[in-house]
>>> print(open('query-v1.cif').read())   # mmCIF, C-alpha atoms
data_entry
loop_
_atom_site.label_atom_id
_atom_site.label_comp_id
_atom_site.auth_asym_id
_atom_site.auth_seq_id
_atom_site.Cartn_x
_atom_site.Cartn_y
_atom_site.Cartn_z
CA MET A 14 19.55 5.15 10.01
CA ILE A 15 16.41 6.88 8.82
CA LEU A 16 14.72 5.99 5.57
CA HIS A 17 12.44 8.21 3.57
CA ILE A 18 10.04 5.94 1.78
CA ASP A 19 7.67 7.40 -0.76
CA PRO A 20 5.41 4.58 -1.93
CA SER A 21 4.03 6.66 -4.78
CA ASN A 22 7.18 7.77 -6.61
CA GLY A 23 7.21 4.86 -9.07
CA ILE A 24 10.29 3.14 -7.63
CA PRO A 25 9.42 -0.11 -5.83
CA ILE A 26 9.75 0.25 -2.06
CA TYR A 27 12.40 -2.47 -1.66
CA GLU A 28 14.46 -0.68 -4.31
CA GLN A 29 14.16 2.59 -2.37
CA ILE A 30 15.49 0.84 0.73
CA VAL A 31 18.37 -0.68 -1.25
CA ARG A 32 19.30 2.69 -2.71
CA GLN A 33 19.14 4.56 0.55
CA VAL A 34 21.30 2.00 2.35
CA LYS A 35 23.83 2.24 -0.49
CA PHE A 36 23.82 6.02 -0.34
CA ALA A 37 24.22 5.93 3.45
CA ILE A 38 27.29 3.71 3.06
CA ALA A 39 28.70 5.84 0.26
CA ASN A 40 28.56 9.01 2.34
CA GLY A 41 29.72 7.41 5.56
CA ALA A 42 26.44 7.45 7.49
CA LEU A 43 26.86 3.68 7.77
CA GLN A 44 30.41 2.49 8.43
CA VAL A 45 32.21 -0.75 7.68
CA ALA A 46 31.21 -3.51 10.15
CA GLU A 47 28.33 -1.43 11.47
CA HIS A 48 25.01 -3.29 11.78
CA VAL A 49 21.87 -2.27 9.93
CA PRO A 50 18.64 -2.37 11.98
CA SER A 51 16.94 -5.76 12.20
CA VAL A 52 14.20 -6.52 9.69
CA ARG A 53 11.55 -5.94 12.29
CA ASP A 54 13.00 -2.65 13.54
CA MET A 55 13.53 -1.37 10.03
CA ALA A 56 9.97 -2.33 9.06
CA ARG A 57 8.62 -0.63 12.15
CA ILE A 58 10.67 2.58 11.85
CA SER A 59 9.83 3.13 8.21
CA ALA A 60 6.31 1.60 8.40
CA VAL A 61 6.71 -0.81 5.51
CA ASN A 62 5.93 -4.49 5.21
CA PRO A 63 8.63 -6.67 6.84
CA ASN A 64 8.76 -8.86 3.73
CA THR A 65 9.76 -5.80 1.72
CA VAL A 66 12.68 -5.20 4.08
CA VAL A 67 13.67 -8.88 3.83
CA ARG A 68 13.75 -8.55 0.06
CA ALA A 69 15.86 -5.38 0.19
CA TYR A 70 18.36 -6.93 2.64
CA ARG A 71 18.60 -10.06 0.51
CA GLU A 72 19.48 -7.96 -2.50
CA LEU A 73 22.08 -6.01 -0.51
CA GLN A 74 23.61 -9.33 0.58
CA ASN A 75 23.68 -10.58 -3.01
CA ASP A 76 25.43 -7.38 -4.06
CA GLY A 77 28.09 -8.00 -1.39
CA ILE A 78 27.18 -4.89 0.55
CA LEU A 79 25.87 -6.58 3.67
CA LYS A 80 26.88 -9.88 5.17
CA SER A 81 25.27 -11.80 7.95
CA ILE A 82 27.22 -12.10 11.17
CA ARG A 83 26.10 -15.21 12.93
CA GLY A 84 23.74 -14.50 15.79
CA THR A 85 23.88 -10.73 15.59
CA GLY A 86 22.47 -9.56 12.28
CA LEU A 87 23.64 -7.93 9.10
CA ALA A 88 26.77 -5.79 8.91
CA VAL A 89 28.38 -3.60 6.26
CA THR A 90 31.18 -5.44 4.42
CA ALA A 91 34.71 -4.09 3.97
CA GLU A 92 34.22 -3.72 0.20
CA ALA A 93 30.90 -1.92 0.56
CA PRO A 94 32.11 1.72 0.63
CA THR A 95 33.99 1.40 -2.68
CA LEU A 96 31.10 -0.47 -4.28
CA CYS A 97 28.53 2.00 -3.03
CA ARG A 98 30.47 5.04 -4.21
CA ARG A 99 30.60 3.52 -7.68
CA ILE A 100 26.90 2.67 -7.58
CA ARG A 101 26.08 6.17 -6.41
CA LEU A 102 27.88 7.60 -9.41
CA GLU A 103 25.99 5.25 -11.72
CA MET A 104 22.66 6.26 -10.21
CA ILE A 105 23.44 9.93 -10.64
CA GLN A 106 24.42 9.24 -14.22
CA GLN A 107 21.06 7.55 -14.77
CA ARG A 108 19.21 10.49 -13.28
CA LEU A 109 21.14 12.84 -15.53
CA ARG A 110 20.34 10.65 -18.50
CA SER A 111 16.63 10.78 -17.84
CA VAL A 112 16.74 14.57 -17.48
CA ILE A 113 18.56 14.87 -20.80
CA GLU A 114 16.10 12.47 -22.40
CA GLU A 115 13.25 14.61 -21.17
CA ALA A 116 14.88 17.75 -22.54
CA ALA A 117 15.47 16.07 -25.90
CA GLN A 118 11.88 14.86 -26.07
CA ASN A 119 10.74 18.43 -25.57
CA GLN A 120 12.93 19.69 -28.44
CA VAL A 121 15.50 21.46 -26.30
CA ASP A 122 18.67 21.41 -28.40
CA TRP A 123 22.07 20.07 -27.28
CA ASP A 124 23.72 23.44 -26.86
CA GLU A 125 20.94 24.67 -24.64
CA ILE A 126 21.21 21.54 -22.48
CA ARG A 127 24.99 21.98 -22.21
CA GLN A 128 24.57 25.61 -21.18
CA LEU A 129 22.03 24.63 -18.54
CA VAL A 130 24.33 21.97 -17.09
CA GLU A 131 27.30 24.38 -17.07
CA ARG A 132 25.24 27.07 -15.38
CA GLU A 133 24.05 24.67 -12.68
CA ILE A 134 27.60 23.45 -11.97
CA GLN A 135 28.78 27.05 -11.73
CA HIS A 136 25.91 27.88 -9.43
CA GLN A 137 26.61 24.92 -7.13
CA SER A 138 30.35 25.53 -6.90
CA GLU A 139 29.76 29.20 -6.04
CA ARG A 140 27.34 28.22 -3.35
CA SER A 141 29.68 25.69 -1.77
CA ARG A 142 32.50 28.27 -1.87
CA GLU A 143 30.25 30.81 -0.13
CA SER A 144 29.28 28.37 2.58
CA LYS A 145 32.94 27.56 3.24
CA SER A 146 34.14 31.15 3.49
CA MET B 67 -1.57 -27.58 10.59
CA LYS B 68 -0.48 -25.24 7.83
CA LEU B 69 -3.37 -23.53 6.13
CA LYS B 70 -3.22 -22.75 2.47
CA SER B 71 -5.45 -19.72 2.80
CA VAL B 72 -6.43 -17.82 5.90
CA VAL B 73 -9.32 -16.08 4.22
CA SER B 74 -11.23 -17.42 1.27
CA MET B 75 -14.34 -16.29 -0.53
CA GLN B 76 -15.82 -18.49 -3.22
CA LYS B 77 -18.43 -17.02 -5.54
CA VAL B 78 -20.10 -15.05 -2.77
CA SER B 79 -23.19 -12.97 -3.51
CA LYS B 80 -25.24 -10.90 -1.11
CA ARG B 81 -28.19 -8.64 -1.78
CA PHE B 82 -29.86 -6.11 0.50
CA ARG B 83 -33.24 -5.30 -1.04
CA LYS B 84 -32.35 -3.43 -4.25
CA THR B 85 -28.61 -3.25 -3.62
CA GLN B 86 -26.34 -5.98 -4.85
CA ALA B 87 -23.68 -5.64 -2.13
CA LEU B 88 -21.55 -8.56 -3.31
CA ASP B 89 -21.79 -10.09 -6.75
CA ASP B 90 -19.98 -13.39 -7.31
CA VAL B 91 -16.85 -12.40 -5.42
CA SER B 92 -13.95 -14.85 -5.07
CA PHE B 93 -10.53 -14.26 -3.55
CA GLU B 94 -8.07 -15.88 -1.19
CA ILE B 95 -5.48 -14.56 1.21
CA GLY B 96 -2.50 -16.68 2.20
CA PRO B 97 -0.96 -16.81 5.67
CA GLY B 98 1.34 -13.97 6.71
CA THR B 99 0.05 -11.61 4.05
CA VAL B 100 -1.06 -8.01 4.40
CA CYS B 101 -4.00 -7.64 2.06
CA ALA B 102 -5.77 -4.38 1.30
CA LEU B 103 -9.44 -4.24 0.47
CA LEU B 104 -10.12 -1.15 -1.63
CA GLY B 105 -13.06 0.41 -3.38
CA ALA B 106 -15.38 3.40 -3.37
CA ASN B 107 -17.87 3.95 -0.56
CA GLY B 108 -20.66 1.44 -0.86
CA ALA B 109 -18.59 -0.94 -2.94
CA GLY B 110 -19.26 -3.86 -0.61
CA LYS B 111 -16.10 -3.85 1.50
CA THR B 112 -17.79 -3.88 4.89
CA THR B 113 -20.32 -6.45 3.71
CA ALA B 114 -17.42 -8.65 2.60
CA ILE B 115 -15.82 -8.39 6.04
CA ARG B 116 -19.09 -9.00 7.89
CA THR B 117 -19.81 -12.01 5.71
CA LEU B 118 -16.36 -13.43 6.44
CA LEU B 119 -16.99 -13.08 10.17
CA GLY B 120 -20.37 -14.79 9.83
CA LEU B 121 -22.26 -11.64 10.84
CA GLU B 122 -24.09 -11.69 7.49
CA GLN B 123 -25.28 -14.78 5.67
CA PRO B 124 -24.41 -14.84 1.97
CA ASP B 125 -27.20 -15.51 -0.55
CA ALA B 126 -24.82 -17.72 -2.51
CA GLY B 127 -21.28 -18.95 -2.25
CA CYS B 128 -19.06 -19.91 0.64
CA CYS B 129 -16.66 -18.10 2.96
CA ARG B 130 -13.92 -19.67 5.05
CA VAL B 131 -11.73 -18.03 7.66
CA LEU B 132 -8.82 -19.94 9.23
CA GLY B 133 -10.31 -23.05 7.66
CA TRP B 134 -13.72 -22.61 9.33
CA ASP B 135 -16.94 -22.13 7.39
CA SER B 136 -18.12 -18.60 8.23
CA GLN B 137 -21.80 -19.57 8.20
CA LYS B 138 -21.43 -22.39 10.69
CA TYR B 139 -18.52 -21.36 12.89
CA SER B 140 -18.98 -17.64 13.37
CA ARG B 141 -18.21 -17.88 17.11
CA GLU B 142 -15.04 -19.90 16.65
CA ILE B 143 -13.86 -17.51 13.98
CA ARG B 144 -14.54 -14.41 16.06
CA ALA B 145 -12.65 -15.92 19.00
CA ARG B 146 -9.51 -16.19 16.86
CA VAL B 147 -9.76 -13.06 14.77
CA GLY B 148 -9.06 -9.49 15.81
CA TYR B 149 -11.59 -7.09 14.33
CA VAL B 150 -11.57 -3.31 14.49
CA ALA B 151 -14.81 -1.94 13.09
CA GLU B 152 -15.11 1.51 11.60
CA LYS B 153 -17.23 2.65 14.52
CA PRO B 154 -16.09 0.47 17.39
CA ALA B 155 -18.94 -0.46 19.72
CA LEU B 156 -17.75 0.12 23.29
CA TYR B 157 -19.72 0.58 26.49
CA ASP B 158 -19.62 4.29 27.25
CA TRP B 159 -20.07 3.88 30.98
CA MET B 160 -17.02 1.64 31.44
CA THR B 161 -13.45 2.78 31.95
CA ILE B 162 -10.69 1.55 29.64
CA GLU B 163 -9.53 -0.83 32.38
CA GLU B 164 -13.01 -2.26 32.86
CA THR B 165 -13.44 -2.69 29.12
CA GLY B 166 -10.28 -4.82 29.01
CA TRP B 167 -11.39 -6.83 32.03
CA PHE B 168 -14.84 -7.35 30.49
CA ALA B 169 -13.39 -8.49 27.16
CA ALA B 170 -10.90 -10.79 28.90
CA GLY B 171 -13.87 -12.89 30.05
CA PHE B 172 -14.45 -14.01 26.49
CA TYR B 173 -10.90 -15.12 25.79
CA PRO B 174 -8.35 -17.56 27.25
CA PRO B 175 -6.12 -16.40 30.14
CA GLY B 176 -3.39 -13.93 29.24
CA TYR B 177 -5.73 -11.49 27.57
CA GLN B 178 -5.76 -8.90 30.30
CA PRO B 179 -1.97 -8.55 30.79
CA ALA B 180 -1.61 -8.20 27.01
CA PHE B 181 -4.35 -5.56 26.97
CA ASP B 182 -2.63 -3.63 29.76
CA ALA B 183 0.64 -3.78 27.82
CA TYR B 184 -1.01 -2.35 24.70
CA CYS B 185 -2.57 0.41 26.80
CA ARG B 186 0.90 1.40 27.99
CA GLN B 187 2.29 1.19 24.48
CA PHE B 188 -0.47 3.44 23.13
CA ASP B 189 -0.18 5.77 26.11
CA LEU B 190 -3.76 5.19 27.28
CA ASP B 191 -4.87 6.14 30.79
CA PRO B 192 -6.76 3.01 31.99
CA THR B 193 -8.87 4.93 34.50
CA ARG B 194 -10.59 7.11 31.92
CA LYS B 195 -14.16 6.52 30.94
CA ILE B 196 -14.96 5.48 27.37
CA SER B 197 -17.53 8.27 27.10
CA GLU B 198 -14.82 10.91 27.67
CA LEU B 199 -12.48 9.63 24.98
CA SER B 200 -11.67 11.31 21.69
CA LYS B 201 -12.20 9.45 18.44
CA GLY B 202 -8.51 8.59 18.16
CA THR B 203 -8.27 7.26 21.71
CA ARG B 204 -11.39 5.16 21.21
CA ALA B 205 -9.78 3.71 18.09
CA LYS B 206 -6.65 2.86 20.09
CA VAL B 207 -8.78 1.09 22.70
CA ALA B 208 -10.51 -0.87 19.93
CA LEU B 209 -7.14 -1.82 18.43
CA SER B 210 -5.81 -2.93 21.83
CA LEU B 211 -8.92 -5.07 22.32
CA ALA B 212 -8.46 -6.61 18.88
CA LEU B 213 -4.77 -7.42 19.39
CA SER B 214 -4.74 -8.72 22.97
CA HIS B 215 -5.63 -12.33 22.19
CA GLN B 216 -2.82 -12.61 19.63
CA PRO B 217 -5.21 -13.16 16.73
CA GLU B 218 -4.07 -15.18 13.75
CA LEU B 219 -5.94 -12.75 11.53
CA LEU B 220 -6.42 -9.04 12.12
CA ILE B 221 -9.23 -7.34 10.24
CA LEU B 222 -9.31 -3.55 10.16
CA ASP B 223 -12.29 -1.78 8.63
CA GLU B 224 -11.24 1.81 7.95
CA PRO B 225 -9.59 2.03 11.33
CA THR B 226 -7.82 5.30 10.69
CA SER B 227 -10.49 7.45 9.08
CA GLY B 228 -10.59 10.79 10.82
CA LEU B 229 -7.52 10.13 12.96
CA ASP B 230 -4.46 12.34 13.25
CA PRO B 231 -1.20 11.43 11.47
CA LEU B 232 0.55 10.25 14.63
CA ILE B 233 -2.20 7.78 15.55
CA ARG B 234 -2.39 6.63 11.93
CA ARG B 235 1.32 5.90 12.01
CA GLU B 236 0.94 3.98 15.29
CA PHE B 237 -1.79 1.86 13.70
CA LEU B 238 0.44 1.22 10.71
CA GLN B 239 3.31 0.17 12.95
CA SER B 240 1.20 -2.26 14.94
CA MET B 241 0.08 -3.73 11.65
CA VAL B 242 3.72 -4.14 10.65
CA ASP B 243 4.34 -5.89 13.97
CA VAL B 244 1.47 -8.29 13.40
CA ALA B 245 2.78 -9.07 9.92
CA ALA B 246 6.34 -9.51 11.22
CA GLU B 247 5.09 -12.32 13.43
CA GLY B 248 3.74 -14.11 10.38
CA ARG B 249 0.12 -13.30 11.12
CA THR B 250 -2.33 -12.12 8.49
CA VAL B 251 -3.87 -8.68 8.11
CA LEU B 252 -6.91 -7.69 6.09
CA LEU B 253 -7.04 -3.93 5.84
CA CYS B 254 -9.80 -1.84 4.45
CA SER B 255 -8.86 1.81 4.05
CA HIS B 256 -9.20 4.91 1.93
CA GLN B 257 -5.71 6.10 2.85
CA VAL B 258 -4.28 4.64 -0.32
CA ASN B 259 -0.74 5.91 0.24
CA GLU B 260 -0.63 4.14 3.61
CA VAL B 261 -1.98 0.96 2.09
CA GLU B 262 0.74 1.18 -0.53
CA ARG B 263 3.45 1.09 2.13
CA VAL B 264 2.36 -2.13 3.77
CA ALA B 265 0.10 -4.16 1.50
CA GLU B 266 1.33 -7.11 -0.53
CA GLN B 267 -1.99 -7.94 -2.09
CA VAL B 268 -4.90 -5.81 -3.20
CA VAL B 269 -8.54 -6.63 -3.68
CA ILE B 270 -10.57 -3.92 -5.42
CA LEU B 271 -14.36 -4.02 -5.28
CA LEU B 272 -16.73 -1.90 -7.29
CA ASN B 273 -20.49 -2.04 -6.94
CA GLY B 274 -20.16 -5.45 -5.35
CA LYS B 275 -18.01 -6.88 -8.14
CA LEU B 276 -14.39 -7.89 -7.82
CA ILE B 277 -12.47 -5.89 -10.40
CA CYS B 278 -8.92 -6.58 -9.26
CA PHE B 279 -7.24 -9.23 -7.13
CA GLU B 280 -3.52 -9.09 -7.54
CA LYS B 281 -0.17 -8.71 -5.84
CA LEU B 282 0.49 -5.00 -5.40
CA ASP B 283 4.04 -5.29 -6.82
CA GLU B 284 2.78 -6.98 -9.94
CA LEU B 285 -0.11 -4.59 -10.40
CA LYS B 286 2.27 -1.64 -10.23
CA GLU B 287 4.90 -3.34 -12.35
CA ARG B 288 2.42 -4.19 -15.10
CA THR B 289 0.63 -0.86 -15.25
CA ARG B 290 1.79 2.23 -17.10
CA GLU B 291 0.20 5.56 -17.79
CA VAL B 292 0.74 6.77 -21.33
CA ILE B 293 0.13 10.44 -21.98
CA LEU B 294 -0.48 11.40 -25.59
CA THR B 295 -0.64 14.87 -27.00
CA LEU B 296 -2.95 14.83 -29.97
CA PRO B 297 -2.80 17.40 -32.77
CA GLU B 298 -6.56 17.93 -32.50
CA SER B 299 -8.80 17.16 -29.57
CA ASP B 300 -11.03 14.89 -31.65
CA ALA B 301 -8.16 13.02 -33.30
CA VAL B 302 -8.28 9.25 -33.16
CA VAL B 303 -6.09 7.64 -30.54
CA PRO B 304 -3.90 5.00 -32.14
CA ASP B 305 -4.02 1.43 -30.90
CA LEU B 306 -1.40 1.01 -28.23
CA PRO B 307 0.32 -2.32 -27.63
CA GLY B 308 -1.29 -3.42 -24.36
CA THR B 309 -4.61 -3.66 -22.51
CA VAL B 310 -6.30 -0.32 -21.89
CA LEU B 311 -7.71 -0.19 -18.36
CA ALA B 312 -8.91 3.38 -18.35
CA GLN B 313 -8.61 6.58 -20.29
CA ALA B 314 -9.27 10.23 -19.69
CA THR B 315 -9.16 13.30 -21.94
CA PHE B 316 -7.92 16.73 -20.95
CA GLY B 317 -8.17 18.97 -24.03
CA HIS B 318 -5.38 17.93 -26.37
CA THR B 319 -3.90 15.39 -24.04
CA ARG B 320 -5.19 11.94 -23.52
CA SER B 321 -4.11 9.81 -20.60
CA LEU B 322 -4.38 6.04 -20.91
CA MET B 323 -3.86 3.51 -18.15
CA ILE B 324 -2.38 0.47 -19.82
CA GLN B 325 -1.54 -2.98 -18.57
CA ASP B 326 1.28 -5.07 -20.06
CA LEU B 327 2.43 -2.27 -22.34
CA ASN B 328 4.84 -3.48 -24.98
CA GLU B 329 7.27 -0.58 -25.03
CA THR B 330 9.35 -1.96 -27.87
CA ARG B 331 6.38 -1.55 -30.18
CA LEU B 332 5.68 2.03 -29.13
CA PRO B 333 7.94 3.73 -31.73
CA ASP B 334 5.49 2.54 -34.46
CA VAL B 335 2.80 4.58 -32.76
CA THR B 336 4.88 7.67 -32.09
CA GLN B 337 5.95 8.01 -35.72
CA ASN B 338 3.00 10.14 -36.71
CA GLY B 339 4.10 13.04 -34.56
CA LEU B 340 2.43 12.21 -31.26
CA VAL B 341 4.23 13.25 -28.12
CA LEU B 342 4.31 10.46 -25.64
CA GLU B 343 5.12 10.34 -22.00
CA ILE B 344 5.23 7.09 -20.07
CA ARG B 345 4.79 7.11 -16.30
CA ARG B 346 4.52 4.51 -13.61
CA PRO B 347 1.29 5.39 -11.87
CA ASN B 348 0.97 4.92 -8.12
CA LEU B 349 -1.76 2.84 -6.53
CA GLU B 350 -4.03 5.82 -6.02
CA GLU B 351 -3.86 6.74 -9.71
CA ILE B 352 -4.53 3.16 -10.78
CA LEU B 353 -7.47 2.98 -8.39
CA LEU B 354 -8.89 6.31 -9.55
CA GLY B 355 -8.51 5.29 -13.18
CA LEU B 356 -10.31 2.00 -12.61
CA LEU B 357 -13.11 3.54 -10.56
CA ARG B 358 -13.71 6.40 -13.02
CA GLU B 359 -13.69 4.11 -16.00
CA ARG B 360 -16.15 1.70 -14.44
CA ARG B 361 -18.43 4.50 -13.35
CA GLN B 362 -18.67 5.81 -16.91
CA PHE B 363 -19.24 2.31 -18.12
CA ASP B 364 -21.99 1.64 -15.61
CA ASN B 365 -23.75 4.94 -16.27
CA SER B 366 -23.86 4.37 -20.00
CA GLY B 367 -25.09 0.82 -19.35
CA ARG B 368 -27.90 2.11 -17.20
CA GLU B 369 -28.94 4.71 -19.76
CA MET B 370 -29.23 2.04 -22.37
CA ASN B 371 -31.29 -0.18 -20.14
CA GLY B 372 -34.07 2.22 -19.36
CA PRO B 373 -35.12 5.77 -18.61
CA ASP B 374 -35.09 5.32 -14.83
CA ARG B 375 -32.42 7.98 -14.33
CA SER B 376 -34.08 10.91 -16.13
#
>>> encode(input="query-v1.cif", output="structure tokens")
Amino acid sequence: MILHIDPSNGIPIYEQIVRQVKFAIANGALQVAEHVPSVRDMARISAVNPNTVVRAYRELQNDGILKSIRGTGLAVTAEAPTLCRRIRLEMIQQRLRSVIEEAAQNQVDWDEIRQLVEREIQHQSERSRESKS
Amino acid sequence: MKLKSVVSMQKVSKRFRKTQALDDVSFEIGPGTVCALLGANGAGKTTAIRTLLGLEQPDAGCCRVLGWDSQKYSREIRARVGYVAEKPALYDWMTIEETGWFAAGFYPPGYQPAFDAYCRQFDLDPTRKISELSKGTRAKVALSLALSHQPELLILDEPTSGLDPLIRREFLQSMVDVAAEGRTVLLCSHQVNEVERVAEQVVILLNGKLICFEKLDELKERTREVILTLPESDAVVPDLPGTVLAQATFGHTRSLMIQDLNETRLPDVTQNGLVLEIRRPNLEEILLGLLRERRQFDNSGREMNGPDRS
């Protein structure tokens, strides 16, 4: 599992780790019962402070996404994929909300926003159709 | 014995002729912490490190490292601390191997095998002469020397300036390894984005004064940048709910770095037609804001004091 940590994007680093693990589970890059790298390995690979990784893993355990398997490390729980897919949807909703907030702050009116969203959806679905054919 | 602080400076001042290098500086670093020492060039960072190691005597105040008084126990401290200086002093006529063997004489047994292991890890050819090495390779030798006695505290003084991204990443990873073993790191660097990845605590010095000593998380959590668009460039900026650290004007927009911003009270301010944007600044932006603000402040102070800058 490879993390892309950007310390300067305003989201705390432990939160970035939490999110990326959740996304990896949601899209199947991490499977049920699979182990995540140890704290030390994860810290080393992504060059972040080990304590930050500890904090991220603790939060993932509290959320029921990882559980500790005695003697071996932390593994993805059986409920994790469902949970993570829901969380992923929530995060995307939040991102969408902040985009719409930004548009509203800049006096873009609702119809214009709707048109933009429609156009983007159209654009994406055409592209995915093209890549399939 | 469990130490409360691995590094401590209490009201330390140091003057070199006309330059006040350190001015009443106090901070403490707990065990197992990665602490970054930041500040502009000439802010006193290297002097702080040299004073901690007992290489400079402070004019006032007291330094302790690993519980030892820096003034009295410089040797004991240096035997237990790993130090990578900005320009590592190595004997040019020795090979890497010989350098490790020479250094091993100063430390307990086990130093040389550890040094050899680091050389392999950093892909160093032990038979090469120091004089033939590139800047990056020299830095790796210096790091290997500093790590081989398993120091309880690792001090790095701009170790990665002028090094390529791969070597910088290797340095960062060895720092992570040191921290993972519960040892302490004091890092002085201008690569703020790298510092941001690994540091838990930051100490910011400016003209010898301590202007910030805080946990990095908290500093970032408490600080916001508010961008205001004013109707006219000379319009008065309303009072914002929070402590203003720094501000800068770009035509009609005014950027304010604010600590402990009370966002619930912001709507009162925005009523009179100001466009607001609130951002979470990164460490570099906070640092720049603080340094710029203080520079303006100091310049105006100096102008008031006398005409010596005409």
>>> residues_near_point(input="query-v1.cif", point="(28.1, -4.8, 12.4)", cutoff="7 Å", atoms="only C-alpha atoms", output="PyMOL selection string")
chain A and resi 46-48+87-89
>>> atom_distance(input="query-v1.cif", atom1="atom CA of Asn348 of chain B", atom2="atom CA of Pro20 of chain A")
7.6 Å
>>> residues_around(input="query-v1.cif", residues="Thr289 of chain B", least_positions_apart="5", cutoff="7 Å", atoms="all atoms listed in the file", output="ChimeraX atom specification")
/B:323-326,346
>>> write_last_selection(input="query-v1.cif", atoms="C-alpha atoms", output="JSON list (two decimals), in the frame of the given file")
[["chain", "number", "residue", "atom", "x", "y", "z"],
["B", 323, "MET", "CA", -3.86, 3.51, -18.15],
["B", 324, "ILE", "CA", -2.38, 0.47, -19.82],
["B", 325, "GLN", "CA", -1.54, -2.98, -18.57],
["B", 326, "ASP", "CA", 1.28, -5.07, -20.06],
["B", 346, "ARG", "CA", 4.52, 4.51, -13.61]]
>>> resolve_selection(input="query-v1.cif", expression="the PyMOL selection byres ((chain B and resi 347) around 8)", output="list in words")
Ser21 and Gly23 of chain A; Lys286, Thr289, Arg290, Glu291, Arg345, Arg346, Asn348, Leu349, Glu350, Glu351 and Ile352 of chain B
>>> write_last_selection(input="query-v1.cif", atoms="C-alpha atoms", output="short mmCIF file (atom, residue, chain, number, x, y, z; two decimals), keeping the file's coordinate frame")
data_model
loop_
_atom_site.label_atom_id
_atom_site.label_comp_id
_atom_site.auth_asym_id
_atom_site.auth_seq_id
_atom_site.Cartn_x
_atom_site.Cartn_y
_atom_site.Cartn_z
CA SER A 21 4.03 6.66 -4.78
CA GLY A 23 7.21 4.86 -9.07
CA LYS B 286 2.27 -1.64 -10.23
CA THR B 289 0.63 -0.86 -15.25
CA ARG B 290 1.79 2.23 -17.10
CA GLU B 291 0.20 5.56 -17.79
CA ARG B 345 4.79 7.11 -16.30
CA ARG B 346 4.52 4.51 -13.61
CA ASN B 348 0.97 4.92 -8.12
CA LEU B 349 -1.76 2.84 -6.53
CA GLU B 350 -4.03 5.82 -6.02
CA GLU B 351 -3.86 6.74 -9.71
CA ILE B 352 -4.53 3.16 -10.78
#
>>> closest_residue(input="query-v1.cif", among="B:Ser321, B:Thr99, B:Gln137, B:Thr226", to="chain A", atoms="all atoms listed in the file")
B:Thr99
>>> closest_atom_pairs(input="query-v1.cif", of="chain A", to="chain B", cutoff="12 Å", atoms="only C-alpha atoms", output="Markdown table")
| residue | atom | partner | partner_atom | distance |
| --- | --- | --- | --- | --- |
| A:His17 | CA | B:Arg263 | CA | 11.6 |
| A:Ile18 | CA | B:Arg263 | CA | 8.2 |
| A:Asp19 | CA | B:Arg263 | CA | 8.1 |
| A:Pro20 | CA | B:Arg263 | CA | 5.7 |
| A:Ser21 | CA | B:Asn348 | CA | 4.9 |
| A:Asn22 | CA | B:Asn348 | CA | 7.0 |
| A:Gly23 | CA | B:Arg346 | CA | 5.3 |
| A:Ile24 | CA | B:Arg346 | CA | 8.4 |
| A:Pro25 | CA | B:Asp283 | CA | 7.5 |
| A:Ile26 | CA | B:Arg263 | CA | 7.6 |
| A:Tyr27 | CA | B:Asp283 | CA | 10.2 |
| A:Glu28 | CA | B:Asp283 | CA | 11.7 |
| A:Gln29 | CA | B:Arg263 | CA | 11.7 |
| A:Ser51 | CA | B:Ala246 | CA | 11.3 |
| A:Val52 | CA | B:Ala246 | CA | 8.5 |
| A:Arg53 | CA | B:Ala246 | CA | 6.4 |
| A:Asp54 | CA | B:Asp243 | CA | 9.3 |
| A:Met55 | CA | B:Val242 | CA | 10.2 |
| A:Ala56 | CA | B:Val242 | CA | 6.7 |
| A:Arg57 | CA | B:Gln239 | CA | 5.4 |
| A:Ile58 | CA | B:Gln239 | CA | 7.8 |
| A:Ser59 | CA | B:Gln239 | CA | 8.6 |
| A:Ala60 | CA | B:Gln239 | CA | 5.6 |
| A:Val61 | CA | B:Val264 | CA | 4.9 |
| A:Asn62 | CA | B:Val264 | CA | 4.5 |
| A:Pro63 | CA | B:Ala246 | CA | 5.7 |
| A:Asn64 | CA | B:Ala246 | CA | 7.9 |
| A:Thr65 | CA | B:Val264 | CA | 8.5 |
| A:Val66 | CA | B:Ala246 | CA | 10.5 |
| A:Val67 | CA | B:Ala246 | CA | 10.4 |
| A:Glu114 | CA | B:Glu343 | CA | 11.2 |
| A:Glu115 | CA | B:Glu343 | CA | 9.2 |
| A:Ala117 | CA | B:Val341 | CA | 11.8 |
| A:Gln118 | CA | B:Val341 | CA | 8.1 |
| A:Asn119 | CA | B:Val341 | CA | 8.7 |
| A:Gln120 | CA | B:Val341 | CA | 10.8 |
>>> residues_around(input="query-v1.cif", residues="segment 156-168 of chain B", least_positions_apart="4", cutoff="10 Å", atoms="all atoms listed in the file", output="NGL selection string")
:B and (172-173 or 177-182 or 185 or 190-199 or 204 or 207-208 or 210-211 or 214)
>>> resolve_selection(input="query-v1.cif", expression="the PyMOL selection byres ((chain B and resi 315-319) around 7)", output="VMD selection string")
chain B and resid 293 to 299 313 to 314 320 to 321
>>> write_last_selection(input="query-v1.cif", atoms="C-alpha atoms", output="CSV table (one decimal), in the frame of the given file")
chain,number,residue,atom,x,y,z
B,293,ILE,CA,0.1,10.4,-22.0
B,294,LEU,CA,-0.5,11.4,-25.6
B,295,THR,CA,-0.6,14.9,-27.0
B,296,LEU,CA,-3.0,14.8,-30.0
B,297,PRO,CA,-2.8,17.4,-32.8
B,298,GLU,CA,-6.6,17.9,-32.5
B,299,SER,CA,-8.8,17.2,-29.6
B,313,GLN,CA,-8.6,6.6,-20.3
B,314,ALA,CA,-9.3,10.2,-19.7
B,320,ARG,CA,-5.2,11.9,-23.5
B,321,SER,CA,-4.1,9.8,-20.6
